[in-house]
Each structure stands twice: as structure tokens, then as C-alpha cells.
$ cat start.cif   # mmCIF, C-alpha atoms
data_data
#
loop_
_atom_site.label_atom_id
_atom_site.label_comp_id
_atom_site.auth_asym_id
_atom_site.auth_seq_id
_atom_site.Cartn_x
_atom_site.Cartn_y
_atom_site.Cartn_z
CA GLU V 26 8.56 22.76 1.98
CA SER V 27 11.21 22.47 4.71
CA VAL V 28 9.37 19.55 6.30
CA ARG V 29 9.39 17.69 2.99
CA ARG V 30 13.14 18.16 2.56
CA ARG V 31 13.87 16.99 6.10
CA PHE V 32 11.75 13.88 5.68
CA GLU V 33 12.81 12.99 2.14
CA LEU V 34 16.11 11.41 3.21
CA LEU V 35 14.24 9.20 5.67
CA VAL V 36 11.74 8.23 2.99
CA LEU V 37 14.62 7.31 0.66
CA ARG V 38 16.16 5.15 3.39
CA PHE V 39 12.78 3.51 3.97
CA ALA V 40 12.39 2.80 0.23
CA GLU V 41 15.90 1.34 0.06
CA HIS V 42 15.13 -0.88 3.04
CA GLN V 43 12.02 -2.16 1.26
CA ARG V 44 14.03 -2.93 -1.88
CA VAL V 45 16.57 -4.85 0.22
CA LEU V 46 13.72 -6.86 1.74
CA GLY V 47 12.55 -7.80 -1.77
CA PHE V 48 9.50 -5.58 -2.16
CA SER V 49 8.51 -5.17 -5.79
CA PRO V 50 9.38 -1.88 -7.52
CA ARG V 51 5.65 -1.16 -7.85
CA THR V 52 5.11 -1.62 -4.12
CA VAL V 53 8.06 0.65 -3.28
CA ALA V 54 6.73 3.31 -5.68
CA SER V 55 3.25 2.99 -4.18
CA TYR V 56 4.62 3.40 -0.65
CA ARG V 57 6.58 6.48 -1.68
CA SER V 58 3.46 7.94 -3.30
CA HIS V 59 1.39 7.40 -0.15
CA LEU V 60 4.14 8.95 1.96
CA SER V 61 4.29 11.99 -0.34
CA PHE V 62 0.61 12.68 0.40
CA PHE V 63 1.37 12.47 4.11
CA LEU V 64 4.40 14.76 3.84
CA ALA V 65 2.48 17.31 1.77
CA TRP V 66 -0.26 17.39 4.40
CA LEU V 67 2.30 17.57 7.20
CA SER V 68 4.05 20.60 5.72
CA ALA V 69 0.81 22.38 4.77
CA GLU V 70 -1.33 21.68 7.83
CA THR V 71 1.02 21.38 10.80
CA ASP V 72 3.97 23.17 12.32
CA VAL V 73 5.97 19.94 12.58
CA GLU V 74 9.58 20.60 11.56
CA GLU V 75 11.28 17.37 12.64
CA VAL V 76 10.30 13.72 12.51
CA THR V 77 10.73 13.57 16.29
CA ALA V 78 7.89 16.11 16.60
CA VAL V 79 5.33 13.81 14.97
CA THR V 80 3.04 12.63 17.74
CA SER V 81 0.13 10.23 17.85
CA GLU V 82 -2.13 13.31 17.91
CA VAL V 83 -0.62 14.53 14.63
CA LEU V 84 -1.13 11.09 13.09
CA HIS V 85 -4.74 10.94 14.30
CA ALA V 86 -5.27 14.35 12.69
CA TRP V 87 -3.88 12.84 9.45
CA GLN V 88 -6.35 9.98 9.76
CA THR V 89 -9.20 12.44 10.28
CA HIS V 90 -7.99 14.42 7.27
CA LEU V 91 -8.05 11.28 5.10
CA TYR V 92 -11.62 10.59 6.17
CA GLY V 93 -12.67 14.08 5.06
CA VAL V 94 -10.75 14.31 1.76
CA GLN V 95 -13.05 14.69 -1.24
CA ASP V 96 -12.39 14.52 -4.96
CA ASP V 97 -13.78 16.92 -7.57
CA ASN V 98 -17.09 15.04 -7.56
CA GLY V 99 -17.54 15.37 -3.81
CA ARG V 100 -16.71 11.71 -3.11
CA GLY V 101 -14.48 10.79 -0.22
CA LEU V 102 -11.43 8.55 -0.42
CA ALA V 103 -12.25 4.87 -0.61
CA ILE V 104 -11.77 2.98 2.66
CA ALA V 105 -9.09 0.89 0.92
CA THR V 106 -7.16 4.05 -0.03
CA GLN V 107 -7.42 5.45 3.49
CA ALA V 108 -6.24 2.13 4.92
CA ALA V 109 -3.33 1.93 2.47
CA ARG V 110 -2.13 5.45 3.27
CA LEU V 111 -2.38 4.84 7.01
CA SER V 112 -0.69 1.45 6.73
CA VAL V 113 2.28 2.94 4.87
CA VAL V 114 2.67 5.70 7.45
CA ARG V 115 2.51 3.08 10.20
CA SER V 116 5.20 1.00 8.46
CA PHE V 117 7.35 4.10 7.95
CA PHE V 118 7.31 4.99 11.65
CA ARG V 119 7.90 1.37 12.65
CA PHE V 120 11.00 1.48 10.40
CA LEU V 121 12.16 4.72 12.05
CA VAL V 122 11.96 3.06 15.46
CA LYS V 123 13.79 -0.07 14.28
CA THR V 124 16.60 2.06 12.81
CA ASP V 125 16.91 4.14 16.00
CA VAL V 126 15.75 7.38 14.40
CA LEU V 127 12.88 7.49 16.91
CA LEU V 128 12.68 6.16 20.46
CA TYR V 129 8.97 5.34 20.28
CA ASP V 130 6.42 4.72 17.57
CA PRO V 131 3.80 7.49 17.41
CA ALA V 132 1.84 5.44 14.85
CA ALA V 133 1.45 2.42 17.12
CA SER V 134 -2.02 3.49 18.22
CA LEU V 135 -3.33 4.08 14.68
CA THR V 136 -6.14 1.74 13.80
CA LEU V 137 -6.98 1.12 10.17
CA PRO V 138 -10.54 1.68 9.00
CA LYS V 139 -12.51 -1.50 8.65
CA ARG V 140 -12.82 -2.56 5.05
CA LYS V 141 -15.99 -4.13 3.80
CA GLY V 142 -15.63 -7.58 2.27
CA ILE V 143 -16.28 -6.90 -1.39
CA LEU V 144 -17.23 -9.91 -3.45
CA PRO V 145 -16.45 -10.14 -7.15
CA ARG V 146 -19.19 -8.69 -9.33
CA SER V 147 -19.18 -11.55 -11.76
CA VAL V 148 -18.26 -15.17 -11.36
CA LEU V 149 -17.51 -17.51 -14.21
CA SER V 150 -20.15 -20.13 -14.92
CA LYS V 151 -19.21 -23.81 -15.00
CA LYS V 152 -19.29 -23.75 -18.83
CA GLU V 153 -17.06 -20.67 -18.96
CA VAL V 154 -14.53 -22.35 -16.64
CA GLU V 155 -14.54 -25.49 -18.76
CA ARG V 156 -14.04 -23.43 -21.92
CA LEU V 157 -11.19 -21.51 -20.30
CA LEU V 158 -9.46 -24.70 -19.17
CA ALA V 159 -9.87 -26.26 -22.62
CA ALA V 160 -8.36 -23.26 -24.45
CA PRO V 161 -4.65 -24.16 -24.08
CA ASP V 162 -3.38 -27.03 -26.21
CA ALA V 163 -2.24 -29.50 -23.54
CA ALA V 164 -0.37 -31.49 -26.20
CA THR V 165 2.33 -28.79 -26.38
CA PRO V 166 4.72 -27.77 -23.60
CA LEU V 167 3.48 -24.15 -23.65
CA GLY V 168 -0.14 -25.27 -23.68
CA LEU V 169 0.49 -27.57 -20.73
CA ARG V 170 2.16 -24.70 -18.88
CA ASP V 171 -0.75 -22.35 -19.68
CA ARG V 172 -3.29 -24.92 -18.52
CA ALA V 173 -1.41 -25.40 -15.24
CA MET V 174 -1.23 -21.64 -14.74
CA ILE V 175 -4.96 -21.24 -15.35
CA GLU V 176 -5.77 -24.05 -12.91
CA VAL V 177 -3.50 -22.59 -10.21
CA LEU V 178 -4.90 -19.11 -10.74
CA TYR V 179 -8.51 -20.27 -10.68
CA SER V 180 -8.17 -22.62 -7.72
CA THR V 181 -6.04 -20.39 -5.47
CA GLY V 182 -6.72 -16.79 -6.51
CA ILE V 183 -3.05 -15.86 -6.17
CA ARG V 184 -1.83 -12.55 -7.49
CA ASN V 185 -0.62 -12.09 -11.04
CA ALA V 186 2.97 -11.43 -9.95
CA GLU V 187 2.96 -14.51 -7.69
CA LEU V 188 1.74 -16.68 -10.54
CA ARG V 189 4.37 -15.31 -12.92
CA SER V 190 7.15 -15.95 -10.39
CA LEU V 191 6.13 -19.60 -10.14
#

$ encode --input "start.cif" --output "C-alpha cells"
Amino acid sequence: ESVRRRFELLVLRFAEHQRVLGFSPRTVASYRSHLSFFLAWLSAETDVEEVTAVTSEVLHAWQTHLYGVQDDNGRGLAIATQAARLSVVRSFFRFLVKTDVLLYDPAASLTLPKRKGILPRSVLSKKEVERLLAAPDAATPLGLRDRAMIEVLYSTGIRNAELRSL
């Protein structure tokens, strides 16, 4: 538990830095969640007491741990989850170096697991796309807006939040 308390202030500073940079509240919460898994492992599985004692060997042990984690059904963590947790830890240590908490980045040598390109399971047919585009009433301002949003979403694949901010 002492490791968690010592690191929590740094995690709070990291989260505040992300907010200042304009990260969404959901992203900041997700980063904090991923870091909490790391800190729980660190306090339970290592004798690390200070952030300066985290080495690349410790971080590689964390990566190996993530690879071996299994849920109640005996399934391992998805590659995307492993990559997200490692990426957040890498960002956290990069932040610690930039803010002069650490002299060097022990996470610099971490490599993220390769993610398979997963294609969508279902793709809209031409008729379905036409029906979707015809749904908004383009004669009204809201309908015109909705039609434009559907076209932008379909043609670019941008994220929901990005589309809403437009």
C-alpha cells in the first residue's frame, strides 16, 4: 500500500497535465484506471518503494505479467488491453522525465504488442447506406445537419466525439 500512496500524487499530477492538454475526461479516467492496475501490481509483486527505483526490468516484468493475466474463464487480456496499459505506463514515465521527476525514462525500451488489424464484422450494403442517407429530412435545418453528419461519419470514420465537436 505504501507504493500506491507514494505514486498517487504523481498520478494526480499526470492526470492534471492531461486535462490541461485537453484530453477528454473519459481518456483521463481511462489512463488513471490503467495506472491503478500497474500500481497495484507494483505494490503486490515488487519491492519497489520509490518511482526512481522503477527500472526497465521492472517494466518488462509488468509486460510479462499482462501477457499472463487471465480472467475467470481462463482467457488472457486482449492484445488491445495489454497495449493500452503499456502505452499509459510509457506515457506516465515520459511525463515524469519531462517534469524532472526522473533523469531517464525506464519505459523507453517497452515495445507494445502487435495488434491484429480487425475488420468490421458487418458492412452496410449499398441499399442500407442509401436508406440511411435518405432518413433525415434535408428540407429542414436539423435534417440537413443530420445528413451532413451521417455523410461525414460514413465517409471518414471519425470518432463519435470528433463528429460531435464539429

$ closest_residue --input "start.cif" --among "V:Ala54, V:Leu137, V:Val126, V:Val36" --to "V:Ala109" --atoms "only C-alpha atoms"
V:Leu137

$ atom_distance --input "start.cif" --atom1 "atom CA of V:Ile183" --atom2 "atom CA of V:Gln43"
21.7 Å

$ atom_distance --input "start.cif" --atom1 "atom CA of V:Thr136" --atom2 "atom CA of V:His42"
24.0 Å

$ resolve_selection --input "start.cif" --expression "the PyMOL selection byres ((chain V and resi 78) around 12)" --output "ChimeraX atom specification"
/V:28,32,67,71-77,79-84,126-131

$ closest_residue --input "start.cif" --among "V:Glu33, V:Asp125, V:Asp97, V:Glu176" --to "V:Leu64" --atoms "all atoms listed in the file"
V:Glu33

$ residues_around --input "start.cif" --residues "V:Arg115" --least-positions-apart "3" --cutoff "9 Å" --atoms "all atoms listed in the file" --output "PyMOL selection string"
chain V and resi 110-112+118-120+130-133+135

$ write_last_selection --input "start.cif" --atoms "C-alpha atoms" --output "mmCIF file, in the coordinates of the input"
data_model
loop_
_atom_site.group_PDB
_atom_site.id
_atom_site.type_symbol
_atom_site.label_atom_id
_atom_site.label_comp_id
_atom_site.auth_asym_id
_atom_site.auth_seq_id
_atom_site.Cartn_x
_atom_site.Cartn_y
_atom_site.Cartn_z
ATOM 1 C CA ARG V 110 -2.130 5.450 3.270
ATOM 2 C CA LEU V 111 -2.380 4.840 7.010
ATOM 3 C CA SER V 112 -0.690 1.450 6.730
ATOM 4 C CA PHE V 118 7.310 4.990 11.650
ATOM 5 C CA ARG V 119 7.900 1.370 12.650
ATOM 6 C CA PHE V 120 11.000 1.480 10.400
ATOM 7 C CA ASP V 130 6.420 4.720 17.570
ATOM 8 C CA PRO V 131 3.800 7.490 17.410
ATOM 9 C CA ALA V 132 1.840 5.440 14.850
ATOM 10 C CA ALA V 133 1.450 2.420 17.120
ATOM 11 C CA LEU V 135 -3.330 4.080 14.680
#

$ build_atoms --input "start.cif" --residues "stretch 116-134 of chain V" --atoms "N, CA, C and O atoms" --output "PDB file, in the frame of the given file"
ATOM      1  N   SER V 116       3.974   1.743   8.782  1.00  0.00           N
ATOM      2  CA  SER V 116       5.200   1.000   8.460  1.00  0.00           C
ATOM      3  C   SER V 116       6.423   1.912   8.486  1.00  0.00           C
ATOM      4  O   SER V 116       7.502   1.513   8.940  1.00  0.00           O
ATOM      5  N   PHE V 117       6.260   3.117   7.968  1.00  0.00           N
ATOM      6  CA  PHE V 117       7.350   4.100   7.950  1.00  0.00           C
ATOM      7  C   PHE V 117       7.825   4.406   9.360  1.00  0.00           C
ATOM      8  O   PHE V 117       9.030   4.362   9.644  1.00  0.00           O
ATOM      9  N   PHE V 118       6.903   4.663  10.283  1.00  0.00           N
ATOM     10  CA  PHE V 118       7.310   4.990  11.650  1.00  0.00           C
ATOM     11  C   PHE V 118       7.856   3.772  12.380  1.00  0.00           C
ATOM     12  O   PHE V 118       8.777   3.898  13.191  1.00  0.00           O
ATOM     13  N   ARG V 119       7.343   2.596  12.073  1.00  0.00           N
ATOM     14  CA  ARG V 119       7.900   1.370  12.650  1.00  0.00           C
ATOM     15  C   ARG V 119       9.368   1.225  12.202  1.00  0.00           C
ATOM     16  O   ARG V 119      10.238   0.867  12.999  1.00  0.00           O
ATOM     17  N   PHE V 120       9.630   1.518  10.925  1.00  0.00           N
ATOM     18  CA  PHE V 120      11.000   1.480  10.400  1.00  0.00           C
ATOM     19  C   PHE V 120      11.885   2.488  11.129  1.00  0.00           C
ATOM     20  O   PHE V 120      13.036   2.178  11.468  1.00  0.00           O
ATOM     21  N   LEU V 121      11.370   3.690  11.364  1.00  0.00           N
ATOM     22  CA  LEU V 121      12.160   4.720  12.050  1.00  0.00           C
ATOM     23  C   LEU V 121      12.533   4.295  13.463  1.00  0.00           C
ATOM     24  O   LEU V 121      13.625   4.612  13.945  1.00  0.00           O
ATOM     25  N   VAL V 122      11.646   3.562  14.122  1.00  0.00           N
ATOM     26  CA  VAL V 122      11.960   3.060  15.460  1.00  0.00           C
ATOM     27  C   VAL V 122      13.017   1.958  15.374  1.00  0.00           C
ATOM     28  O   VAL V 122      13.992   1.943  16.128  1.00  0.00           O
ATOM     29  N   LYS V 123      12.838   1.040  14.420  1.00  0.00           N
ATOM     30  CA  LYS V 123      13.790  -0.070  14.280  1.00  0.00           C
ATOM     31  C   LYS V 123      15.190   0.416  13.920  1.00  0.00           C
ATOM     32  O   LYS V 123      16.172  -0.241  14.265  1.00  0.00           O
ATOM     33  N   THR V 124      15.281   1.538  13.217  1.00  0.00           N
ATOM     34  CA  THR V 124      16.600   2.060  12.810  1.00  0.00           C
ATOM     35  C   THR V 124      17.103   3.136  13.765  1.00  0.00           C
ATOM     36  O   THR V 124      18.034   3.873  13.433  1.00  0.00           O
ATOM     37  N   ASP V 125      16.480   3.232  14.930  1.00  0.00           N
ATOM     38  CA  ASP V 125      16.910   4.140  16.000  1.00  0.00           C
ATOM     39  C   ASP V 125      16.840   5.617  15.644  1.00  0.00           C
ATOM     40  O   ASP V 125      17.538   6.438  16.237  1.00  0.00           O
ATOM     41  N   VAL V 126      16.000   5.971  14.692  1.00  0.00           N
ATOM     42  CA  VAL V 126      15.750   7.380  14.400  1.00  0.00           C
ATOM     43  C   VAL V 126      14.808   7.941  15.459  1.00  0.00           C
ATOM     44  O   VAL V 126      14.957   9.077  15.902  1.00  0.00           O
ATOM     45  N   LEU V 127      13.843   7.113  15.870  1.00  0.00           N
ATOM     46  CA  LEU V 127      12.880   7.490  16.910  1.00  0.00           C
ATOM     47  C   LEU V 127      12.983   6.519  18.078  1.00  0.00           C
ATOM     48  O   LEU V 127      13.298   5.335  17.890  1.00  0.00           O
ATOM     49  N   LEU V 128      12.668   7.011  19.267  1.00  0.00           N
ATOM     50  CA  LEU V 128      12.680   6.160  20.460  1.00  0.00           C
ATOM     51  C   LEU V 128      11.367   5.404  20.638  1.00  0.00           C
ATOM     52  O   LEU V 128      11.343   4.336  21.234  1.00  0.00           O
ATOM     53  N   TYR V 129      10.263   6.002  20.154  1.00  0.00           N
ATOM     54  CA  TYR V 129       8.970   5.340  20.280  1.00  0.00           C
ATOM     55  C   TYR V 129       8.198   5.542  18.986  1.00  0.00           C
ATOM     56  O   TYR V 129       8.502   6.419  18.183  1.00  0.00           O
ATOM     57  N   ASP V 130       7.206   4.706  18.797  1.00  0.00           N
ATOM     58  CA  ASP V 130       6.420   4.720  17.570  1.00  0.00           C
ATOM     59  C   ASP V 130       5.122   5.495  17.772  1.00  0.00           C
ATOM     60  O   ASP V 130       4.197   4.989  18.396  1.00  0.00           O
ATOM     61  N   PRO V 131       5.027   6.716  17.241  1.00  0.00           N
ATOM     62  CA  PRO V 131       3.800   7.490  17.410  1.00  0.00           C
ATOM     63  C   PRO V 131       2.621   6.915  16.619  1.00  0.00           C
ATOM     64  O   PRO V 131       1.476   7.255  16.882  1.00  0.00           O
ATOM     65  N   ALA V 132       2.909   6.028  15.671  1.00  0.00           N
ATOM     66  CA  ALA V 132       1.840   5.440  14.850  1.00  0.00           C
ATOM     67  C   ALA V 132       1.303   4.144  15.430  1.00  0.00           C
ATOM     68  O   ALA V 132       0.377   3.556  14.871  1.00  0.00           O
ATOM     69  N   ALA V 133       1.845   3.708  16.551  1.00  0.00           N
ATOM     70  CA  ALA V 133       1.450   2.420  17.120  1.00  0.00           C
ATOM     71  C   ALA V 133      -0.037   2.368  17.465  1.00  0.00           C
ATOM     72  O   ALA V 133      -0.657   1.306  17.396  1.00  0.00           O
ATOM     73  N   SER V 134      -0.616   3.497  17.815  1.00  0.00           N
ATOM     74  CA  SER V 134      -2.020   3.490  18.220  1.00  0.00           C
ATOM     75  C   SER V 134      -2.989   3.717  17.056  1.00  0.00           C
ATOM     76  O   SER V 134      -4.198   3.723  17.257  1.00  0.00           O
TER      77      SER V 134
END
